[in-house]
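Novice: Below is a structure I'd like to ask you about.
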Amino acid sequence: MCGIVGIHLKDPALEPRLGEFLVPMIEDLTGRGPDSAGLALYDRTVPDGSLRWSLRAKDSDCDWSAVAARLGQDIGQPAHVTAKADACLLTVKAPADQVRARLGEIAPQVTVVGVGEAMTMYKDIGTARQVCDRYGVERLGGYQGVGHTRMATESAVTTRHSHPFSPAPDLALVHNGSFSNHASIRRRLVDRGAVFETDNDSEVAARFISDRLEQGDTLDDAMRMVLKEFDGFFTLLVTSRDEFAVVRDAFACKPLVVAETDAYVAVASEYHALATLPGIDEARVFEPQPEEVHSWVKT
Amino acid sequence: MGEDVTQALEPSLTEVVLSCRELTTRQINTRLRELPAGSAVRITEARGTHNLAVGLRHRLVITIEGNAGYYTAGLSDGPDVTVEGSVGWGLAENLMRGVVRVRGNASESAAATAHGGTVIVHGDASSRAGISLKGGTLAVAGDVGHMSGFMAQAGTILVGGDAGHALGDSLYETVIYVGGKVRSLGSDSRVEDLTEADVRRVRGILDVAGREAGFDHVAPENVTRVASAKQLYNFDALKNQRY
């Protein structure tokens, strides 16, 4: 069992309150996943052409300023950092591959949690409340966010094994369920050049979708290909910079409730996680049918 | 089994109010168990809370305000429960006797394994409605999702609207009546001719369920009867099994 939440704001006036909406939602699903928790939030504060890196270092006294200074020097662009506990956001105007390679050399103890023009990602073992408090998620703004509470069933409880999985810039996937043919699909993806960070089944779905997107699929099409290729039980919520999409397996074995108003679309594994949202009593509440992809695009 | 539920119900005039904001689910269910039969109770601010009004073995008249969560009124024997909103998975699971009605929609597995009583959903019910039904009646005014009536063994399911894919897969003795369209039949279920007895049976359900809004569109003589084709039917009736 795991818990999934997400909110995609249509009304820009609500954007400063994204974290305030998201934290009670994810915390409410702690019972579905007490092992680890993670969130991805999307905002528009990154300067054009720059990427923002969500980084984490096991050694909490990592000198982030020194890492940024060295990185900036090496690639000839200033790097800005904001540190929160053992996490750090680093913004720099440089190609992702170049930054990743330099980071690996300058600070091998640093893990890249996620990267993007809009996305920040926080995840760790522990309860949703602990993770949200550690990184001050409640105070964060943005236009969409997803969260996951994990009850591990098939691979280790570590930060790396926590959701969301982000195989490409601004792409985040959270999964409730289990895939039975993930090993075969993993082998195919590895043959195509994919590099995996964990032995987790959900990471396979994330990299599968990322691979489809690279081949030119829309997110909706990539999610339909998951239905075709993956065997098992799943409710997936996948977000990109502009899109927010959900799908359930052919048997609808894992729950999902959607609530839509003029101001937002919100989803959660269980309705009570949505019950604190403003205007929920007037929302159109429904469950996606099996094998139906529902998506919303930021306009 | 609880006390005789065939006696006329005379709810007490004073309604007991239990708020989900002030009490835990366990406290609410304990309070319900302590109340004398016939008491009227209003559960407020449900906000999707799971396991409300479960394990009750006496006749209480319970109203739940708003949307309730999973297993509402489950494992009960005798209460009369009305949910004014929608409910989550496993509505009235394993109900023995009593009436459970939902003014909104029910999520998956409504009335799963219910042995008796009547479960009425005014809106739609999701997948696997009436799964493994063992008696009693499930009446859904709207549509039901895929695999409804899966392996249902006894009792009746009435669907006012349309039924999703694989209706009545691996059915035993449960009969399913559908007012609208059947998207597809499951393995070993088939459409059968409607008899006079069927029409009477549907009319009987509507006499109970139809007193409430939402079933006006169901014409007993025009429903589709779905029952087991008995090719996968493996209970041995010669061994005096009861199901």
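For the structure tokens, the naming scheme is as follows: chains receive sequential letters (A, B, ...) according to their order of presentation, residues are indexed from 1 within each chain, and ligands are indexed from 1 in presentation order.
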Determine which residues of stretch 31-249 of chain A receive a DSSP assignment of helix (DSSP H, G or I), computed from the backbone, and state them as a ChimeraX atom specification.
Specialist: /A:31-32,64-75,96-106,128-135,137-139,182-191,201-214,219-229
Novice: Just write the chosen residues, C-alpha atoms, as a PDB file, in the first residue's frame.
Specialist:
ATOM      1  CA  GLY A  31      -1.242   5.448   7.204  1.00  0.00           C
ATOM      2  CA  ARG A  32      -0.936   4.214   3.624  1.00  0.00           C
ATOM      3  CA  TRP A  64      27.121  23.936  -0.335  1.00  0.00           C
ATOM      4  CA  SER A  65      28.559  27.429  -0.911  1.00  0.00           C
ATOM      5  CA  ALA A  66      31.951  25.944  -1.677  1.00  0.00           C
ATOM      6  CA  VAL A  67      30.380  23.398  -4.052  1.00  0.00           C
ATOM      7  CA  ALA A  68      28.501  26.222  -5.831  1.00  0.00           C
ATOM      8  CA  ALA A  69      31.608  28.406  -6.078  1.00  0.00           C
ATOM      9  CA  ARG A  70      33.702  25.584  -7.512  1.00  0.00           C
ATOM     10  CA  LEU A  71      30.960  24.559  -9.943  1.00  0.00           C
ATOM     11  CA  GLY A  72      30.458  28.169 -11.067  1.00  0.00           C
ATOM     12  CA  GLN A  73      34.177  28.551 -11.651  1.00  0.00           C
ATOM     13  CA  ASP A  74      34.442  25.317 -13.628  1.00  0.00           C
ATOM     14  CA  ILE A  75      31.554  26.015 -15.996  1.00  0.00           C
ATOM     15  CA  ALA A  96      22.219  19.347 -17.439  1.00  0.00           C
ATOM     16  CA  ASP A  97      24.833  16.820 -18.584  1.00  0.00           C
ATOM     17  CA  GLN A  98      27.678  19.237 -17.951  1.00  0.00           C
ATOM     18  CA  VAL A  99      26.476  20.127 -14.448  1.00  0.00           C
ATOM     19  CA  ARG A 100      25.844  16.508 -13.542  1.00  0.00           C
ATOM     20  CA  ALA A 101      29.343  15.501 -14.671  1.00  0.00           C
ATOM     21  CA  ARG A 102      31.034  18.358 -12.805  1.00  0.00           C
ATOM     22  CA  LEU A 103      29.018  17.729  -9.649  1.00  0.00           C
ATOM     23  CA  GLY A 104      30.079  14.101  -9.707  1.00  0.00           C
ATOM     24  CA  GLU A 105      33.714  15.175  -9.636  1.00  0.00           C
ATOM     25  CA  ILE A 106      33.517  18.155  -7.269  1.00  0.00           C
ATOM     26  CA  ALA A 128       5.255  12.741   5.591  1.00  0.00           C
ATOM     27  CA  ARG A 129       5.145  15.160   8.510  1.00  0.00           C
ATOM     28  CA  GLN A 130       8.842  14.700   9.250  1.00  0.00           C
ATOM     29  CA  VAL A 131       9.816  15.195   5.625  1.00  0.00           C
ATOM     30  CA  CYS A 132       7.543  18.237   5.143  1.00  0.00           C
ATOM     31  CA  ASP A 133       8.814  19.865   8.355  1.00  0.00           C
ATOM     32  CA  ARG A 134      12.449  19.229   7.514  1.00  0.00           C
ATOM     33  CA  TYR A 135      12.212  21.069   4.204  1.00  0.00           C
ATOM     34  CA  VAL A 137       7.223  22.415   2.380  1.00  0.00           C
ATOM     35  CA  GLU A 138       4.170  24.105   3.895  1.00  0.00           C
ATOM     36  CA  ARG A 139       5.598  27.541   3.069  1.00  0.00           C
ATOM     37  CA  HIS A 182       9.345  -4.789 -14.365  1.00  0.00           C
ATOM     38  CA  ALA A 183      12.532  -6.893 -14.636  1.00  0.00           C
ATOM     39  CA  SER A 184      11.909  -7.659 -18.332  1.00  0.00           C
ATOM     40  CA  ILE A 185      11.130  -4.037 -19.146  1.00  0.00           C
ATOM     41  CA  ARG A 186      14.169  -2.914 -17.158  1.00  0.00           C
ATOM     42  CA  ARG A 187      16.404  -5.174 -19.308  1.00  0.00           C
ATOM     43  CA  ARG A 188      14.938  -3.705 -22.477  1.00  0.00           C
ATOM     44  CA  LEU A 189      15.516  -0.161 -21.239  1.00  0.00           C
ATOM     45  CA  VAL A 190      19.067  -0.964 -20.137  1.00  0.00           C
ATOM     46  CA  ASP A 191      19.720  -2.312 -23.642  1.00  0.00           C
ATOM     47  CA  ASP A 201       9.815  -1.370  -9.863  1.00  0.00           C
ATOM     48  CA  SER A 202       8.373   2.148  -9.998  1.00  0.00           C
ATOM     49  CA  GLU A 203      11.644   3.523 -11.322  1.00  0.00           C
ATOM     50  CA  VAL A 204      11.176   1.222 -14.325  1.00  0.00           C
ATOM     51  CA  ALA A 205       7.836   2.860 -15.110  1.00  0.00           C
ATOM     52  CA  ALA A 206       9.381   6.301 -14.695  1.00  0.00           C
ATOM     53  CA  ARG A 207      12.260   5.505 -17.069  1.00  0.00           C
ATOM     54  CA  PHE A 208       9.877   3.787 -19.494  1.00  0.00           C
ATOM     55  CA  ILE A 209       7.745   6.938 -19.695  1.00  0.00           C
ATOM     56  CA  SER A 210      10.821   9.119 -19.994  1.00  0.00           C
ATOM     57  CA  ASP A 211      12.067   6.921 -22.862  1.00  0.00           C
ATOM     58  CA  ARG A 212       8.712   7.215 -24.644  1.00  0.00           C
ATOM     59  CA  LEU A 213       8.748  10.992 -24.234  1.00  0.00           C
ATOM     60  CA  GLU A 214      12.241  11.119 -25.707  1.00  0.00           C
ATOM     61  CA  LEU A 219       2.671  12.193 -21.899  1.00  0.00           C
ATOM     62  CA  ASP A 220      -0.830  10.791 -22.517  1.00  0.00           C
ATOM     63  CA  ASP A 221       0.509   8.412 -25.172  1.00  0.00           C
ATOM     64  CA  ALA A 222       3.385   7.351 -22.931  1.00  0.00           C
ATOM     65  CA  MET A 223       0.911   6.535 -20.151  1.00  0.00           C
ATOM     66  CA  ARG A 224      -1.175   4.485 -22.601  1.00  0.00           C
ATOM     67  CA  MET A 225       1.976   2.569 -23.490  1.00  0.00           C
ATOM     68  CA  VAL A 226       2.378   1.752 -19.780  1.00  0.00           C
ATOM     69  CA  LEU A 227      -1.066   0.117 -19.984  1.00  0.00           C
ATOM     70  CA  LYS A 228       0.094  -1.900 -22.952  1.00  0.00           C
ATOM     71  CA  GLU A 229       3.500  -2.965 -21.654  1.00  0.00           C
TER      72      GLU A 229
END
Novice: Could you list, as a short mmCIF file (atom, residue, chain, number, x, y, z; two decimals) with N, CA and C atoms, in the first residue's frame, every residue within 8 Å of B:Val17, counting only C-alpha atoms and ignoring same-chain residues fewer than 6 positions away?
Specialist:
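New file result_0.cif:
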data_model
loop_
_atom_site.label_atom_id
_atom_site.label_comp_id
_atom_site.auth_asym_id
_atom_site.auth_seq_id
_atom_site.Cartn_x
_atom_site.Cartn_y
_atom_site.Cartn_z
N VAL B 41 -29.24 8.51 15.53
CA VAL B 41 -27.90 9.10 15.67
C VAL B 41 -27.55 9.86 14.40
N ARG B 42 -26.90 11.00 14.58
CA ARG B 42 -26.39 11.75 13.43
C ARG B 42 -24.88 11.86 13.58
N ILE B 43 -24.16 11.35 12.58
CA ILE B 43 -22.70 11.45 12.60
C ILE B 43 -22.32 12.61 11.69
N THR B 44 -21.63 13.59 12.25
CA THR B 44 -21.35 14.80 11.48
C THR B 44 -19.88 14.89 11.10
#
Novice: I need the contact residues of chain B against chain A, so if you could list those with any atom within 7 Å, counting only C-alpha atoms, and return them as a list of chain:residue names, that would help.
Specialist: B:Arg47, B:Gly48, B:Thr49
Novice: For A:Glu260, please output as number ranges by chain all residues within 9 Å (counting only C-alpha atoms; exclusion window: fewer than 3 positions along the same chain).
Specialist: A: 263-267, 280, 282-286
Novice: Can I get the selected residues back with C-alpha atoms, as an mmCIF file, in the first residue's frame?
Specialist:
data_model
loop_
_atom_site.group_PDB
_atom_site.id
_atom_site.type_symbol
_atom_site.label_atom_id
_atom_site.label_comp_id
_atom_site.auth_asym_id
_atom_site.auth_seq_id
_atom_site.Cartn_x
_atom_site.Cartn_y
_atom_site.Cartn_z
ATOM 1 C CA ALA A 263 -9.642 26.646 -9.255
ATOM 2 C CA TYR A 264 -7.821 23.284 -9.170
ATOM 3 C CA VAL A 265 -7.644 19.588 -9.956
ATOM 4 C CA ALA A 266 -6.655 17.504 -6.954
ATOM 5 C CA VAL A 267 -6.143 13.752 -6.697
ATOM 6 C CA ILE A 280 -14.235 20.625 -1.941
ATOM 7 C CA GLU A 282 -18.699 21.926 -4.636
ATOM 8 C CA ALA A 283 -16.014 19.969 -6.509
ATOM 9 C CA ARG A 284 -16.793 17.378 -9.182
ATOM 10 C CA VAL A 285 -15.522 14.234 -7.500
ATOM 11 C CA PHE A 286 -14.928 11.063 -9.520
#
Novice: Check the DSSP output for the backbone and give back, as a PyMOL selection string, the residues of stretch 145-256 of chain A in strand (DSSP E).
Specialist: chain A and resi 145-150+172-179+232-239+243-248
Novice: Applying 10 Å and only C-alpha atoms, which residues near A:Ala40 remain after dropping the ones on its own chain fewer than 4 positions away? List them as a list in words.
Specialist: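 Those residues are Gly6, Ser54, Gly114, Ala118, Met119, Thr120, Met121, Tyr122, Lys123, Val137, Gln144, Gly145, Val146, Gly147, His148, His163, Pro164, Phe165, Ser166, Asp170, Leu171, Ala172, Leu173, Val174 and Thr239 of chain A.
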Novice: Please identify all polymer residues within 10 Å of A:Arg150, counting only C-alpha atoms, omitting same-chain residues fewer than 5 positions from it, and present them as a list in words.
Specialist: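 After dropping sequence-adjacent residues, the list is Met1, Cys2, Gly3, Ile4, Leu29, Thr30, Gly31, Arg32, Gly33, Pro34, Asp35, Ser36, Ala37, Gly38, Ile125, Gly126, Thr127, Ala128, Val157, His161, Ser162, His163, Pro164, Val174, His175 and Asn176 of chain A.
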Novice: Using N, CA and C atoms, can you export the residues from the last selection as a short mmCIF file (atom, residue, chain, number, x, y, z; two decimals), in the first residue's frame?
Specialist:
data_model
loop_
_atom_site.label_atom_id
_atom_site.label_comp_id
_atom_site.auth_asym_id
_atom_site.auth_seq_id
_atom_site.Cartn_x
_atom_site.Cartn_y
_atom_site.Cartn_z
N MET A 1 0.85 -1.20 0.00
CA MET A 1 0.00 0.00 0.00
C MET A 1 0.88 1.25 0.00
N CYS A 2 0.47 2.26 -0.72
CA CYS A 2 1.15 3.54 -0.73
C CYS A 2 0.08 4.61 -0.89
N GLY A 3 0.45 5.84 -0.63
CA GLY A 3 -0.49 6.94 -0.80
C GLY A 3 0.00 7.91 -1.85
N ILE A 4 -0.93 8.39 -2.66
CA ILE A 4 -0.61 9.35 -3.72
C ILE A 4 -1.46 10.59 -3.52
N LEU A 29 -2.28 10.80 4.36
CA LEU A 29 -2.09 9.45 3.84
C LEU A 29 -0.87 8.75 4.45
N THR A 30 -0.42 9.24 5.60
CA THR A 30 0.70 8.60 6.29
C THR A 30 0.40 7.12 6.58
N GLY A 31 -0.85 6.83 6.91
CA GLY A 31 -1.24 5.45 7.20
C GLY A 31 -1.05 4.52 6.02
N ARG A 32 -1.15 5.04 4.81
CA ARG A 32 -0.94 4.21 3.62
C ARG A 32 0.55 4.03 3.32
N GLY A 33 1.40 4.86 3.95
CA GLY A 33 2.82 4.77 3.65
C GLY A 33 3.67 5.46 4.69
N PRO A 34 4.02 4.75 5.77
CA PRO A 34 4.80 5.37 6.84
C PRO A 34 6.31 5.26 6.65
N ASP A 35 6.77 4.55 5.60
CA ASP A 35 8.21 4.27 5.48
C ASP A 35 9.01 5.45 4.96
N SER A 36 8.46 6.11 3.92
CA SER A 36 9.16 7.27 3.38
C SER A 36 8.14 8.18 2.72
N ALA A 37 8.57 9.39 2.45
CA ALA A 37 7.66 10.35 1.83
C ALA A 37 8.45 11.23 0.88
N GLY A 38 7.78 11.71 -0.15
CA GLY A 38 8.46 12.58 -1.09
C GLY A 38 7.49 13.49 -1.80
N ILE A 125 13.37 9.00 3.93
CA ILE A 125 12.67 8.02 4.77
C ILE A 125 12.05 8.78 5.95
N GLY A 126 11.02 8.17 6.53
CA GLY A 126 10.31 8.83 7.63
C GLY A 126 8.89 9.17 7.21
N THR A 127 8.16 9.78 8.12
CA THR A 127 6.76 10.09 7.82
C THR A 127 6.67 11.36 6.99
N ALA A 128 5.49 11.55 6.41
CA ALA A 128 5.25 12.74 5.59
C ALA A 128 5.46 14.00 6.43
N VAL A 157 13.95 0.32 1.89
CA VAL A 157 13.49 1.64 2.35
C VAL A 157 14.72 2.54 2.47
N HIS A 161 15.14 4.97 -2.91
CA HIS A 161 13.98 4.14 -3.27
C HIS A 161 12.65 4.87 -3.04
N SER A 162 12.71 6.06 -2.48
CA SER A 162 11.47 6.80 -2.21
C SER A 162 10.96 7.42 -3.50
N HIS A 163 9.68 7.66 -3.52
CA HIS A 163 9.05 8.36 -4.65
C HIS A 163 9.02 9.85 -4.29
N PRO A 164 8.86 10.75 -5.25
CA PRO A 164 8.73 10.53 -6.68
C PRO A 164 10.05 10.09 -7.30
N VAL A 174 4.80 9.18 -9.35
CA VAL A 174 4.50 8.47 -8.11
C VAL A 174 3.57 7.30 -8.43
N HIS A 175 3.75 6.23 -7.70
CA HIS A 175 3.10 4.96 -8.04
C HIS A 175 2.55 4.31 -6.77
N ASN A 176 1.33 3.84 -6.86
CA ASN A 176 0.76 2.98 -5.83
C ASN A 176 0.47 1.64 -6.50
#
